[in-house]
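*Asks:* Contents are mmCIF, C-alpha atoms; file name data_13.cif:
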```
data_final
#
loop_
_atom_site.label_atom_id
_atom_site.label_comp_id
_atom_site.auth_asym_id
_atom_site.auth_seq_id
_atom_site.Cartn_x
_atom_site.Cartn_y
_atom_site.Cartn_z
CA MET Q 1 45.79 3.75 1.67
CA ASP Q 2 42.50 4.36 -0.07
CA SER Q 3 41.32 0.80 0.46
CA LEU Q 4 42.32 0.95 4.15
CA ARG Q 5 40.23 4.11 4.51
CA THR Q 6 37.31 2.39 2.79
CA VAL Q 7 37.59 -0.67 5.04
CA LEU Q 8 37.69 1.56 8.13
CA LEU Q 9 34.71 3.55 6.88
CA TYR Q 10 32.63 0.44 6.23
CA SER Q 11 33.64 -1.10 9.58
CA LEU Q 12 32.61 2.09 11.38
CA ALA Q 13 29.28 2.12 9.51
CA ALA Q 14 28.69 -1.55 10.42
CA ILE Q 15 29.39 -0.86 14.11
CA ILE Q 16 27.06 2.16 14.14
CA LEU Q 17 24.31 0.19 12.40
CA ILE Q 18 24.60 -2.76 14.80
CA ILE Q 19 24.37 -0.43 17.82
CA PHE Q 20 21.45 1.44 16.23
CA GLY Q 21 19.67 -1.83 15.37
CA GLY Q 22 20.13 -3.18 18.88
CA TRP Q 23 18.85 0.03 20.45
CA LEU Q 24 15.85 0.02 18.13
CA PHE Q 25 15.02 -3.61 18.94
CA TYR Q 26 15.11 -3.06 22.69
CA ASN Q 27 13.14 0.20 22.42
CA GLU Q 28 9.54 -0.97 22.84
CA GLU Q 29 8.11 2.27 21.49
CA ALA Q 30 9.88 1.74 18.14
CA ALA Q 31 7.87 -1.43 17.49
CA ASN Q 32 4.54 0.07 18.53
CA PRO Q 33 2.30 -0.16 15.44
CA GLY Q 34 -0.28 2.33 16.75
CA PRO Q 35 -2.10 3.59 19.85
CA LEU Q 36 -4.00 1.09 21.99
CA SER Q 37 -7.77 1.25 22.46
CA SER Q 38 -9.00 3.38 25.34
CA ALA Q 39 -9.74 0.20 27.33
CA HIS Q 40 -6.12 -0.96 27.14
CA GLU Q 41 -4.17 2.28 26.89
CA ASP Q 42 -3.28 2.18 30.56
CA SER Q 43 -1.37 -1.09 30.12
CA ALA Q 44 2.00 -0.65 31.79
CA ASN Q 45 4.13 -2.29 29.09
CA CYS Q 46 4.08 -4.53 26.03
CA GLN Q 47 4.70 -7.68 28.08
CA ASP Q 48 1.29 -7.31 29.72
CA CYS Q 49 -0.19 -8.70 26.50
CA HIS Q 50 2.81 -9.91 24.45
CA GLU Q 51 4.68 -12.94 25.67
CA PRO Q 52 8.28 -12.53 24.38
CA TRP Q 53 8.93 -14.63 21.24
CA ARG Q 54 5.39 -16.08 21.51
CA GLY Q 55 3.13 -13.09 21.01
CA VAL Q 56 -0.30 -12.33 22.39
CA SER Q 57 -1.74 -15.40 24.06
CA ASP Q 58 -5.24 -16.26 25.32
CA ASP Q 59 -3.70 -16.77 28.77
CA ARG Q 60 -2.49 -13.16 28.88
CA CYS Q 61 -6.00 -11.91 27.97
CA LEU Q 62 -7.59 -14.11 30.62
CA GLU Q 63 -5.27 -12.75 33.31
CA CYS Q 64 -7.49 -9.64 33.26
CA HIS Q 65 -10.70 -10.78 31.57
CA ASP Q 66 -12.92 -13.27 33.33
CA PHE Q 67 -15.33 -15.46 31.33
CA SER Q 68 -15.35 -18.34 33.76
CA GLU Q 69 -19.14 -18.19 34.28
CA PRO Q 70 -20.70 -17.81 30.77
CA SER Q 71 -24.27 -17.82 32.12
CA GLU Q 72 -23.55 -14.52 33.87
CA LEU Q 73 -22.44 -12.85 30.65
CA LYS Q 74 -24.66 -10.78 28.38
CA SER Q 75 -26.30 -12.97 25.73
CA GLY Q 76 -24.11 -11.54 22.97
CA LEU Q 77 -20.95 -12.46 24.89
CA ARG Q 78 -21.80 -15.99 25.96
CA PHE Q 79 -19.65 -17.60 23.29
CA HIS Q 80 -16.65 -16.14 25.17
CA GLY Q 81 -16.99 -19.12 27.47
CA ALA Q 82 -14.70 -21.04 25.09
CA HIS Q 83 -11.72 -19.24 26.70
CA LYS Q 84 -9.73 -19.33 23.48
CA PHE Q 85 -9.17 -17.71 20.11
CA CYS Q 86 -9.22 -14.15 21.60
CA THR Q 87 -6.92 -12.78 18.88
CA LYS Q 88 -9.02 -14.25 16.09
CA CYS Q 89 -11.62 -11.55 16.65
CA HIS Q 90 -9.81 -8.84 18.62
CA PHE Q 91 -7.11 -6.64 17.08
CA GLU Q 92 -5.33 -3.98 19.05
CA HIS Q 93 -3.25 -0.91 18.12
CA GLN Q 94 -6.06 0.49 15.92
CA GLY Q 95 -6.28 3.82 17.77
CA SER Q 96 -7.93 4.84 21.01
CA ASP Q 97 -11.43 5.28 19.54
CA ALA Q 98 -11.35 2.33 17.16
CA SER Q 99 -13.28 -0.88 17.67
CA ILE Q 100 -10.99 -3.81 18.43
CA SER Q 101 -13.50 -6.48 17.45
CA ILE Q 102 -13.93 -8.05 14.04
CA VAL Q 103 -15.95 -11.18 14.75
CA ASP Q 104 -14.76 -14.30 12.95
CA HIS Q 105 -18.04 -16.17 12.53
CA THR Q 106 -16.28 -19.23 11.16
CA LEU Q 107 -15.14 -20.04 14.68
CA PHE Q 108 -18.70 -20.48 15.95
CA ASN Q 109 -20.55 -23.70 16.39
CA PRO Q 110 -22.39 -24.35 13.07
CA ASN Q 111 -25.57 -25.16 15.01
CA LEU Q 112 -25.68 -21.62 16.38
CA GLN Q 113 -28.47 -19.62 14.71
CA CYS Q 114 -27.83 -16.06 13.56
CA THR Q 115 -30.96 -14.86 15.35
CA GLN Q 116 -29.54 -16.03 18.66
CA CYS Q 117 -27.28 -12.97 18.55
CA HIS Q 118 -28.68 -10.81 15.74
CA PHE Q 119 -32.03 -9.07 15.56
CA ASP Q 120 -34.11 -10.40 12.65
CA PRO Q 121 -35.50 -7.42 10.73
CA HIS Q 122 -37.65 -9.83 8.67
CA LYS Q 123 -39.43 -10.91 11.85
CA GLY Q 124 -39.26 -14.57 10.92
CA LEU Q 125 -40.97 -14.06 7.55
CA PHE Q 126 -38.08 -15.64 5.67
CA GLY Q 127 -37.41 -18.37 8.18
CA PHE Q 128 -34.20 -18.73 10.15
CA ASP Q 129 -31.73 -19.95 7.58
CA CYS Q 130 -30.18 -16.51 6.99
CA ARG Q 131 -27.36 -18.04 4.92
CA GLN Q 132 -29.76 -18.75 2.08
CA CYS Q 133 -29.45 -15.08 1.15
CA HIS Q 134 -26.76 -13.54 3.38
CA ARG Q 135 -23.05 -14.29 3.57
CA ILE Q 136 -20.87 -13.94 6.66
CA LYS Q 137 -18.50 -11.37 5.16
CA THR Q 138 -21.02 -9.41 3.09
CA TRP Q 139 -24.40 -9.14 4.73
CA THR Q 140 -25.85 -7.24 1.76
CA VAL Q 141 -27.81 -9.57 -0.52
CA LYS Q 142 -26.11 -9.59 -3.91
CA GLY Q 143 -28.37 -8.64 -6.79
CA PHE Q 144 -31.31 -7.65 -4.59
CA ARG Q 145 -33.65 -5.15 -6.26
CA HIS Q 146 -36.69 -3.74 -4.51
CA PRO Q 147 -39.94 -4.63 -6.40
CA LYS Q 148 -41.38 -1.91 -8.65
CA ASP Q 149 -43.97 0.71 -7.63
CA GLU Q 150 -46.74 -1.37 -9.14
CA ASP Q 151 -46.07 -4.29 -6.83
CA ARG Q 152 -48.83 -4.66 -4.25
CA GLU Q 153 -47.45 -7.44 -2.14
CA CYS Q 154 -45.55 -5.25 0.31
CA TYR Q 155 -46.94 -7.28 3.19
CA ARG Q 156 -44.87 -10.28 2.14
CA CYS Q 157 -41.78 -8.55 3.54
CA HIS Q 158 -43.09 -5.57 5.48
CA ARG Q 159 -45.32 -6.02 8.47
CA PRO Q 160 -47.72 -3.22 9.47
CA PRO Q 161 -46.56 -1.36 12.56
CA GLN Q 162 -48.53 -1.76 15.74
CA SER Q 163 -50.35 1.54 15.18
CA HIS Q 164 -51.93 0.24 11.93
CA LEU Q 165 -53.49 -2.67 13.80
CA ASN Q 166 -55.33 -0.36 16.15
CA GLU Q 167 -58.96 0.63 15.45
CA ARG Q 168 -58.27 4.16 16.69
CA PHE Q 169 -55.72 4.66 13.97
CA TRP Q 170 -58.31 4.03 11.28
CA SER Q 171 -60.89 6.20 13.09
CA LYS Q 172 -58.34 9.01 13.12
CA ILE Q 173 -57.74 8.54 9.40
CA LEU Q 174 -61.48 8.81 8.76
CA GLU Q 175 -61.76 11.83 10.99
CA THR Q 176 -58.97 13.70 9.24
CA HIS Q 177 -60.40 12.84 5.83
CA ASP Q 178 -63.75 13.45 4.26
CA MET Q 179 -66.31 11.41 6.21
CA SER Q 180 -68.45 11.05 3.08
CA ILE Q 181 -66.03 8.50 1.75
CA GLY Q 182 -66.05 6.58 4.98
CA LYS Q 183 -67.59 3.54 3.39
CA GLU Q 184 -64.85 3.42 0.80
CA ALA Q 185 -62.23 3.75 3.48
CA GLN Q 186 -63.55 0.73 5.28
CA ARG Q 187 -62.67 -1.34 2.24
CA ILE Q 188 -58.97 -0.69 2.85
CA ASP Q 189 -57.18 -3.70 4.15
CA VAL Q 190 -54.15 -3.29 6.42
CA LYS Q 191 -52.16 -5.21 3.79
CA ASP Q 192 -52.95 -2.59 1.11
CA CYS Q 193 -49.84 -0.60 1.93
CA TRP Q 194 -49.63 0.65 -1.70
CA ARG Q 195 -52.84 2.69 -1.26
CA CYS Q 196 -51.05 5.21 0.97
CA HIS Q 197 -47.34 4.49 0.76
CA ILE Q 198 -45.01 4.77 -2.22
CA VAL Q 199 -41.99 2.63 -2.85
CA HIS Q 200 -39.10 5.08 -2.89
CA LYS Q 201 -39.83 6.61 0.50
CA TRP Q 202 -41.92 4.80 3.06
CA ALA Q 203 -42.89 7.94 5.00
CA HIS Q 204 -44.07 9.61 1.80
CA LEU Q 205 -47.83 9.12 1.38
CA ARG Q 206 -49.76 9.23 -1.90
CA MET Q 207 -52.69 11.12 -0.42
CA GLU Q 208 -54.54 11.98 -3.59
CA HIS Q 209 -54.57 8.33 -4.64
CA LEU Q 210 -55.75 7.18 -1.28
CA PHE Q 211 -58.92 5.46 -2.32
CA GLN Q 212 -58.21 4.70 -5.94
CA ASP Q 213 -58.16 1.08 -6.96
CA GLU Q 214 -55.11 1.41 -9.21
CA PRO Q 215 -51.94 3.21 -8.18
CA LYS Q 216 -50.88 5.63 -10.96
CA GLY Q 217 -47.16 6.03 -10.61
CA ASN Q 218 -45.63 8.67 -8.39
CA SER Q 219 -47.65 11.71 -9.43
CA ASP Q 220 -47.72 12.89 -5.82
CA ASP Q 221 -43.93 13.36 -5.66
CA MET A 1 10.96 -10.51 -22.81
CA LYS A 2 14.51 -9.20 -22.84
CA SER A 3 16.33 -8.51 -19.61
CA LYS A 4 16.31 -4.73 -20.19
CA GLN A 5 12.57 -4.73 -20.88
CA LYS A 6 12.01 -6.73 -17.69
CA VAL A 7 13.94 -4.11 -15.72
CA ASP A 8 11.87 -1.27 -17.22
CA ALA A 9 8.59 -3.14 -16.60
CA LEU A 10 9.53 -3.94 -12.99
CA LEU A 11 10.55 -0.35 -12.37
CA ALA A 12 7.16 0.83 -13.66
CA ILE A 13 5.36 -1.78 -11.52
CA PHE A 14 7.29 -0.67 -8.42
CA PHE A 15 6.34 2.99 -8.86
CA VAL A 16 2.72 2.17 -9.69
CA LEU A 17 2.46 0.02 -6.54
CA LEU A 18 4.20 2.69 -4.50
CA VAL A 19 1.94 5.55 -5.59
CA LEU A 20 -1.40 3.83 -6.21
CA GLY A 21 -1.13 1.82 -3.02
CA PHE A 22 -1.67 4.96 -0.95
CA LEU A 23 -5.05 5.36 -2.63
CA LEU A 24 -6.14 1.73 -2.89
CA HIS A 25 -4.30 -0.37 -0.35
CA GLN A 26 -4.02 1.12 3.11
CA SER A 27 -4.58 -1.35 5.89
CA GLN A 28 -3.53 -1.40 9.52
CA THR A 29 -3.74 -5.19 9.85
CA PHE A 30 -2.61 -6.52 6.45
CA ALA A 31 1.15 -6.47 7.10
CA GLY A 32 0.79 -8.74 10.14
CA SER A 33 -1.73 -11.14 8.54
CA LEU A 34 -0.76 -14.46 6.94
CA PRO A 35 -0.95 -13.16 3.34
CA GLY A 36 0.91 -10.00 4.42
CA HIS A 37 3.69 -12.02 6.02
CA ILE A 38 3.94 -14.37 3.03
CA LEU A 39 4.56 -11.32 0.81
CA GLY A 40 7.01 -9.83 3.32
CA ILE A 41 8.99 -13.07 3.68
CA ALA A 42 9.06 -13.58 -0.11
CA GLY A 43 10.23 -9.96 -0.55
CA ALA A 44 13.01 -10.37 2.03
CA VAL A 45 14.21 -13.63 0.45
CA ILE A 46 14.28 -12.06 -3.03
CA ILE A 47 16.15 -9.01 -1.70
CA GLY A 48 18.60 -11.53 -0.20
CA LEU A 49 19.05 -13.02 -3.69
CA ALA A 50 19.83 -9.51 -5.02
CA LEU A 51 22.76 -9.39 -2.56
CA VAL A 52 24.39 -12.37 -4.30
CA TYR A 53 25.52 -10.01 -7.11
CA PRO A 54 27.74 -7.67 -5.03
CA ILE A 55 29.11 -10.64 -3.02
CA ARG A 56 30.10 -12.52 -6.19
CA LYS A 57 31.52 -9.33 -7.70
CA ARG A 58 33.52 -8.07 -4.72
CA ILE A 59 34.53 -11.32 -3.02
CA PHE A 60 34.76 -13.82 -5.89
CA GLY A 61 35.65 -11.31 -8.63
CA LYS A 62 32.85 -12.50 -10.96
CA LYS A 63 31.99 -9.81 -13.49
CA GLY A 64 30.23 -9.41 -16.82
CA LYS A 65 28.13 -12.25 -18.22
CA ALA A 66 29.11 -14.58 -15.36
CA ASN A 67 27.43 -12.18 -12.93
CA PRO A 68 24.88 -10.03 -14.79
CA LEU A 69 23.85 -6.72 -13.23
CA ASN A 70 20.32 -7.01 -14.65
CA ARG A 71 19.61 -10.05 -12.50
CA HIS A 72 20.57 -7.99 -9.43
CA ILE A 73 18.19 -5.23 -10.52
CA ILE A 74 15.33 -7.66 -11.29
CA TYR A 75 15.65 -9.32 -7.86
CA GLY A 76 15.98 -5.93 -6.15
CA LEU A 77 12.89 -4.43 -7.79
CA THR A 78 10.78 -7.60 -7.31
CA GLY A 79 11.71 -7.75 -3.63
CA ALA A 80 11.02 -4.02 -3.18
CA SER A 81 7.60 -4.36 -4.90
CA LEU A 82 6.62 -7.27 -2.63
CA GLY A 83 7.85 -5.29 0.39
CA THR A 84 5.72 -2.32 -0.69
CA VAL A 85 2.56 -4.47 -0.90
CA HIS A 86 3.46 -6.13 2.44
CA SER A 87 3.65 -2.70 4.10
CA ALA A 88 0.03 -2.01 3.03
CA HIS A 89 1.10 1.65 2.91
CA LYS A 90 0.74 2.05 6.67
CA PHE A 91 3.91 3.05 8.42
CA SER A 92 2.73 3.20 12.01
CA SER A 93 5.74 1.74 13.84
CA ALA A 94 9.15 3.40 13.75
CA ILE A 95 10.81 0.09 12.80
CA GLY A 96 8.36 -0.50 9.94
CA ALA A 97 8.67 3.07 8.68
CA LEU A 98 12.50 3.01 8.81
CA THR A 99 12.62 -0.36 7.02
CA PHE A 100 10.43 0.97 4.23
CA LEU A 101 12.46 4.18 4.05
CA ALA A 102 15.67 2.15 3.74
CA LEU A 103 14.06 0.04 1.00
CA LEU A 104 13.00 3.14 -0.91
CA LEU A 105 16.44 4.79 -0.58
CA VAL A 106 18.22 1.65 -1.81
CA VAL A 107 15.92 1.46 -4.84
CA LEU A 108 16.34 5.17 -5.61
CA SER A 109 20.13 5.03 -5.25
CA GLY A 110 20.06 1.95 -7.49
CA ILE A 111 18.10 3.85 -10.13
CA VAL A 112 20.65 6.70 -9.95
CA GLY A 113 23.45 4.22 -10.53
CA ARG A 114 21.72 2.21 -13.22
CA PHE A 115 20.44 5.07 -15.35
CA LEU A 116 22.25 8.33 -14.58
CA TYR A 117 25.77 7.05 -13.86
CA ARG A 118 25.66 4.79 -16.91
CA ASN A 119 24.46 7.64 -19.12
CA VAL A 120 27.18 9.98 -17.87
CA ASN A 121 29.81 7.34 -18.62
CA ARG A 122 28.40 6.69 -22.09
CA GLN A 123 28.25 10.41 -22.91
CA LEU A 124 31.80 10.89 -21.68
CA ARG A 125 33.08 8.01 -23.78
CA GLU A 126 31.36 9.34 -26.92
CA GLN A 127 32.57 12.90 -26.36
CA LYS A 128 36.16 11.74 -25.86
CA LYS A 129 35.95 9.82 -29.12
CA ASP A 130 34.63 12.93 -30.92
CA LEU A 131 37.37 15.06 -29.38
CA ASN A 132 40.10 12.70 -30.62
CA LEU A 133 38.63 12.81 -34.12
CA LEU A 134 38.52 16.59 -34.10
CA LYS A 135 42.06 16.89 -32.75
CA ASN A 136 43.42 14.50 -35.39
CA HIS A 137 41.67 16.45 -38.10
CA PHE A 138 42.98 19.69 -36.66
CA LYS A 139 46.53 18.34 -36.70
CA ALA A 140 46.11 17.26 -40.33
CA MET A 141 45.35 20.84 -41.23
CA LYS A 142 48.68 22.08 -39.84
CA GLN A 143 49.76 23.62 -43.17
CA HIS A 144 46.51 25.54 -43.53
CA ILE A 145 46.86 26.82 -39.98
CA ALA A 146 50.29 28.21 -40.84
CA ASP A 147 48.87 29.88 -43.99
CA CYS A 148 46.04 31.27 -42.02
CA LEU A 149 48.36 32.70 -39.38
CA LEU A 150 50.53 34.30 -42.06
CA GLU A 151 47.49 35.86 -43.62
CA THR A 152 46.26 37.22 -40.31
CA GLY A 153 46.36 40.95 -40.36
CA ARG A 154 46.08 41.11 -44.14
CA HIS A 155 42.93 41.40 -46.17
CA ILE A 156 42.19 37.65 -46.18
CA GLU A 157 38.71 38.28 -47.56
CA GLU A 158 40.39 38.84 -50.90
CA ASP A 159 41.52 35.20 -51.15
CA ASP A 160 38.51 32.88 -51.01
CA ALA A 161 40.45 29.64 -50.47
CA VAL A 162 42.44 31.02 -47.52
CA LYS A 163 39.29 32.56 -46.13
CA ARG A 164 37.48 29.21 -46.29
CA ASN A 165 40.35 27.34 -44.63
CA CYS A 166 40.65 29.94 -41.90
CA ARG A 167 36.96 29.76 -41.13
CA GLU A 168 37.03 25.94 -41.01
CA ILE A 169 40.04 25.99 -38.69
CA LEU A 170 38.36 28.52 -36.48
CA ASP A 171 35.14 26.44 -36.32
CA GLN A 172 37.14 23.34 -35.42
CA ALA A 173 39.00 25.21 -32.71
CA TYR A 174 35.69 26.37 -31.24
CA GLY A 175 34.33 22.80 -31.46
CA ILE A 176 37.38 21.41 -29.65
CA ALA A 177 37.08 24.07 -26.93
CA GLU A 178 33.38 23.30 -26.42
CA LEU A 179 33.97 19.56 -26.27
CA GLU A 180 36.81 19.99 -23.79
CA MET A 181 34.59 22.14 -21.61
CA SER A 182 31.75 19.61 -21.78
CA ILE A 183 34.13 16.71 -21.00
CA ASN A 184 35.38 18.67 -18.02
CA VAL A 185 31.80 19.00 -16.71
CA PHE A 186 31.12 15.28 -17.31
CA GLU A 187 34.42 14.35 -15.58
CA LYS A 188 33.37 16.35 -12.53
CA THR A 189 29.91 14.73 -12.57
CA LYS A 190 31.53 11.31 -12.92
CA ALA A 191 33.82 12.02 -9.97
CA LEU A 192 30.73 12.92 -7.96
CA PHE A 193 28.92 9.78 -9.09
CA SER A 194 31.93 7.62 -8.22
CA LYS A 195 30.87 8.18 -4.60
CA TRP A 196 27.42 6.81 -5.54
CA LEU A 197 28.39 3.16 -5.22
CA HIS A 198 29.54 3.76 -1.63
CA VAL A 199 26.22 5.50 -0.91
CA HIS A 200 24.32 2.52 -2.44
CA TYR A 201 26.35 0.07 -0.33
CA MET A 202 25.86 2.07 2.88
CA LEU A 203 22.11 2.27 2.26
CA THR A 204 22.05 -1.48 1.58
CA PHE A 205 23.78 -2.06 4.96
CA PHE A 206 21.12 0.13 6.54
CA LEU A 207 18.36 -1.87 4.80
CA VAL A 208 19.81 -5.22 5.89
CA THR A 209 20.08 -3.96 9.49
CA MET A 210 16.49 -2.72 9.43
CA LEU A 211 15.25 -5.97 7.87
CA VAL A 212 16.93 -7.99 10.65
CA VAL A 213 15.49 -5.70 13.37
CA HIS A 214 12.05 -5.74 11.68
CA ILE A 215 11.95 -9.56 11.42
CA LEU A 216 13.24 -10.07 14.98
CA ALA A 217 10.71 -7.57 16.38
CA ALA A 218 7.86 -9.27 14.45
CA ILE A 219 8.81 -12.66 15.92
CA TYR A 220 9.46 -11.23 19.41
CA TYR A 221 6.05 -9.54 19.64
CA GLY A 222 4.33 -12.51 18.01
CA LEU A 223 3.10 -13.63 14.64
CA ARG A 224 -0.66 -13.28 14.81
CA TRP A 225 -1.41 -16.11 12.39
CA ILE A 226 0.52 -18.76 14.33
CA PRO A 227 -1.83 -20.42 16.85
#
```
Hey, can you dump this file as structure tokens for me?

*Replies:*
Amino acid sequence: MDSLRTVLLYSLAAIILIIFGGWLFYNEEAANPGPLSSAHEDSANCQDCHEPWRGVSDDRCLECHDFSEPSELKSGLRFHGAHKFCTKCHFEHQGSDASISIVDHTLFNPNLQCTQCHFDPHKGLFGFDCRQCHRIKTWTVKGFRHPKDEDRECYRCHRPPQSHLNERFWSKILETHDMSIGKEAQRIDVKDCWRCHIVHKWAHLRMEHLFQDEPKGNSDD
Amino acid sequence: MKSKQKVDALLAIFFVLLVLGFLLHQSQTFAGSLPGHILGIAGAVIIGLALVYPIRKRIFGKKGKANPLNRHIIYGLTGASLGTVHSAHKFSSAIGALTFLALLLVVLSGIVGRFLYRNVNRQLREQKKDLNLLKNHFKAMKQHIADCLLETGRHIEEDDAVKRNCREILDQAYGIAELEMSINVFEKTKALFSKWLHVHYMLTFFLVTMLVVHILAAIYYGLRWIP
């Protein structure tokens, strides 16, 4: 009697679980791993992007997105002309405000130069082979340490801004400072960044050391 | 490493992964990535291996050394640990969250069975053995009990030997009463725990159902790493 009751109980549980499992599988909302991005949140249903048993395909993306004329695209989007690998870089269901793009640089043509898409903050000073120092996944240069205060070769990496190349800038400097040292001031080269600037904060000027030949630490801090 | 030590180590690993993962390993995309799926598939297969134990025990009647429980526990905890890492501690979809919940409940009910139920049984066995010893001893002191009863009401303090026997008999009677009471509590606890195995089985059914739904849904909506 007891075993019959147990068998009935287990059979009932199995039936309930099968019905529950089936309902869960056919309930699209139950499989939703997170809200869509604001650009896609109006999609009517999952099948707009997911092909049953095949997943998200490039064809489904291209039903809405048109990259047929790459020359008309913004320069940063021209590589979309390949018409494939959409899901290698774009991930959905990250939330309505989240970015859906994580660019997989390994998919690009190896002849493509970084500066064709990215702005070069070094202004060409280090050449164009960015991979000598930077990696695709970690742009930060490992082990990089800024040169010490005493280093005077700032110009090797930093270029003077446009204002510093203008005669009026230097006239203004002379006007605001004691004119009696004007002759000294004229000895300052635009590459002598260290005469006015200190290392730890570029906007911080070492005024009292302005015309000294040797920088003496950060006594103006 | 002995089988018991392996079980303890795996149990510790499971809880460390479960708790620390919330701090160190939360990712929205890991579960669906290739490494995430490799872990998930491996976890599901190993959980499947853990099911061999109850099938061999219930259907083929294999028990004891031919079908060791520790192997079932080792497979169960390894599979659960892999499943925990696969989840990347993000339970965004209802199916994913329910599958993980089922996994957790099965492991917890397993721990209850493995540690608490076994301890209750062991305690009960030991207490019953002690009770038998005490009862036998009590019976052997029959003559002294009679003397003691005869002396009741008199000034038994005057006779040291009778006084000593009476006190010993009284202590033993108290001991027997306490043990009987304790055994009664353990019997009730055991009766409650006897339902545990059914709970563990039901939760396992739930887990298997959720695993099937989870795997089917993953394939239906697409495996991202398959071109």

*Asks:* Using all atoms listed in the file, what does the table of chain Q residues within 6 Å of chain A look like, with each row giving the shortest atom pair and its distance in Å to one decimal, sorted by chain and ascending number, as JSON lines?

*Replies:*
```
{"residue": "Q:Phe25", "atom": "CA", "partner": "A:Val213", "partner_atom": "CA", "distance": 6.0}
{"residue": "Q:Ala30", "atom": "CA", "partner": "A:Ala94", "partner_atom": "CA", "distance": 4.7}
{"residue": "Q:Ala31", "atom": "CA", "partner": "A:Ser93", "partner_atom": "CA", "distance": 5.3}
{"residue": "Q:Asn32", "atom": "CA", "partner": "A:Ser93", "partner_atom": "CA", "distance": 5.1}
{"residue": "Q:Pro33", "atom": "CA", "partner": "A:Ser93", "partner_atom": "CA", "distance": 4.2}
{"residue": "Q:Gly34", "atom": "CA", "partner": "A:Ser92", "partner_atom": "CA", "distance": 5.7}
{"residue": "Q:His50", "atom": "CA", "partner": "A:Tyr221", "partner_atom": "CA", "distance": 5.8}
{"residue": "Q:Pro52", "atom": "CA", "partner": "A:Tyr220", "partner_atom": "CA", "distance": 5.3}
{"residue": "Q:Trp53", "atom": "CA", "partner": "A:Tyr220", "partner_atom": "CA", "distance": 3.9}
{"residue": "Q:Arg54", "atom": "CA", "partner": "A:Gly222", "partner_atom": "CA", "distance": 5.1}
{"residue": "Q:Gly55", "atom": "CA", "partner": "A:Gly222", "partner_atom": "CA", "distance": 3.3}
```

*Asks:* Quick one: which residues end up in the PyMOL selection byres ((chain Q and resi 194) around 8) for this structure, as a list in words?

*Replies:*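 Listing what the PyMOL selection byres ((chain Q and resi 194) around 8) selects in the shown file: Asp151, Arg152, Cys154, Asp192, Cys193, Arg195, Cys196, His197, Ile198, Val199 and Pro215 of chain Q.
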
*Asks:* What does the structure give for the distance between CA of Ile19 (chain Q) and CA of Leu82 (chain A), in Å to one decimal?

*Replies:*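 Distance reported for this atom pair: 27.9 Å.
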
*Asks:* Written as a list in words, what is the full residue list that the PyMOL selection byres ((chain Q and resi 91) around 6) yields on the file shown?

*Replies:*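 That expression, the PyMOL selection byres ((chain Q and resi 91) around 6), corresponds here to His90, Glu92 and Ile100 of chain Q.
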
*Asks:* Identify which of the residues A:Val85, A:Leu179, A:Leu10, A:Ile111 lies closest to Gly36 (chain A), counting all atoms listed in the file when measuring atom-to-atom distances.

*Replies:*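 Using all atoms listed in the file, Gly36 (chain A) sits closest to A:Val85.
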
*Asks:* What does the distance from CA of Ser87 (chain A) to CA of Ala42 (chain A) come to in Å, to one decimal?

*Replies:*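 Distance reported for this atom pair: 12.9 Å.
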
*Asks:* Work out how far apart CA of Cys46 (chain Q) and CA of His37 (chain A) are and give it in Å to one decimal.

*Replies:* 21.4 Å

*Asks:* With the PyMOL selection byres ((chain A and resi 84) around 9) as the selection, what would be picked from this file? Answer as an MDAnalysis selection string, please.

*Replies:* chainID A and resid 14 17:18 21 40 43 79:83 85:89 100 103

*Asks:* Can you pull out every residue within 10 Å of region 123-140 of chain Q, counting only C-alpha atoms, but drop anything in the same chain fewer than 3 positions away, and send it as a list in words?

*Replies:* Val103, Asp104, His105, Thr106, Gln113, Cys114, Thr115, Phe119, Asp120, Gly143, Phe144, Arg156, Cys157, His158 and Arg159 of chain Q

*Asks:* Excluding Leu107 (chain Q) and any residue of its chain fewer than 5 positions from it, enumerate the residues within 12 Å of it, using all atoms listed in the file, and give them as a PDB file with C-alpha atoms, in the frame of the given file.

*Replies:*
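Ended up saving to out12.pdb:
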```pdb
ATOM      1  CA  PHE Q  79     -19.650 -17.600  23.290  1.00  0.00           C
ATOM      2  CA  HIS Q  80     -16.650 -16.140  25.170  1.00  0.00           C
ATOM      3  CA  ALA Q  82     -14.700 -21.040  25.090  1.00  0.00           C
ATOM      4  CA  LYS Q  84      -9.730 -19.330  23.480  1.00  0.00           C
ATOM      5  CA  PHE Q  85      -9.170 -17.710  20.110  1.00  0.00           C
ATOM      6  CA  CYS Q  86      -9.220 -14.150  21.600  1.00  0.00           C
ATOM      7  CA  THR Q  87      -6.920 -12.780  18.880  1.00  0.00           C
ATOM      8  CA  LYS Q  88      -9.020 -14.250  16.090  1.00  0.00           C
ATOM      9  CA  CYS Q  89     -11.620 -11.550  16.650  1.00  0.00           C
ATOM     10  CA  LEU Q 112     -25.680 -21.620  16.380  1.00  0.00           C
ATOM     11  CA  ILE Q 136     -20.870 -13.940   6.660  1.00  0.00           C
TER      12      ILE Q 136
END
```

*Asks:* Using only C-alpha atoms, which residues sit within 8 Å of region 45-51 of chain A once same-chain residues fewer than 2 positions away are excluded, as a short mmCIF file (atom, residue, chain, number, x, y, z; two decimals) with C-alpha atoms, keeping the file's coordinate frame?

*Replies:*
```cif
data_model
loop_
_atom_site.label_atom_id
_atom_site.label_comp_id
_atom_site.auth_asym_id
_atom_site.auth_seq_id
_atom_site.Cartn_x
_atom_site.Cartn_y
_atom_site.Cartn_z
CA ILE A 41 8.99 -13.07 3.68
CA ALA A 42 9.06 -13.58 -0.11
CA GLY A 43 10.23 -9.96 -0.55
CA TYR A 53 25.52 -10.01 -7.11
CA PRO A 54 27.74 -7.67 -5.03
CA ILE A 55 29.11 -10.64 -3.02
CA ARG A 71 19.61 -10.05 -12.50
CA HIS A 72 20.57 -7.99 -9.43
CA ILE A 73 18.19 -5.23 -10.52
CA ILE A 74 15.33 -7.66 -11.29
CA TYR A 75 15.65 -9.32 -7.86
CA GLY A 76 15.98 -5.93 -6.15
CA THR A 78 10.78 -7.60 -7.31
CA GLY A 79 11.71 -7.75 -3.63
CA ALA A 80 11.02 -4.02 -3.18
#
```
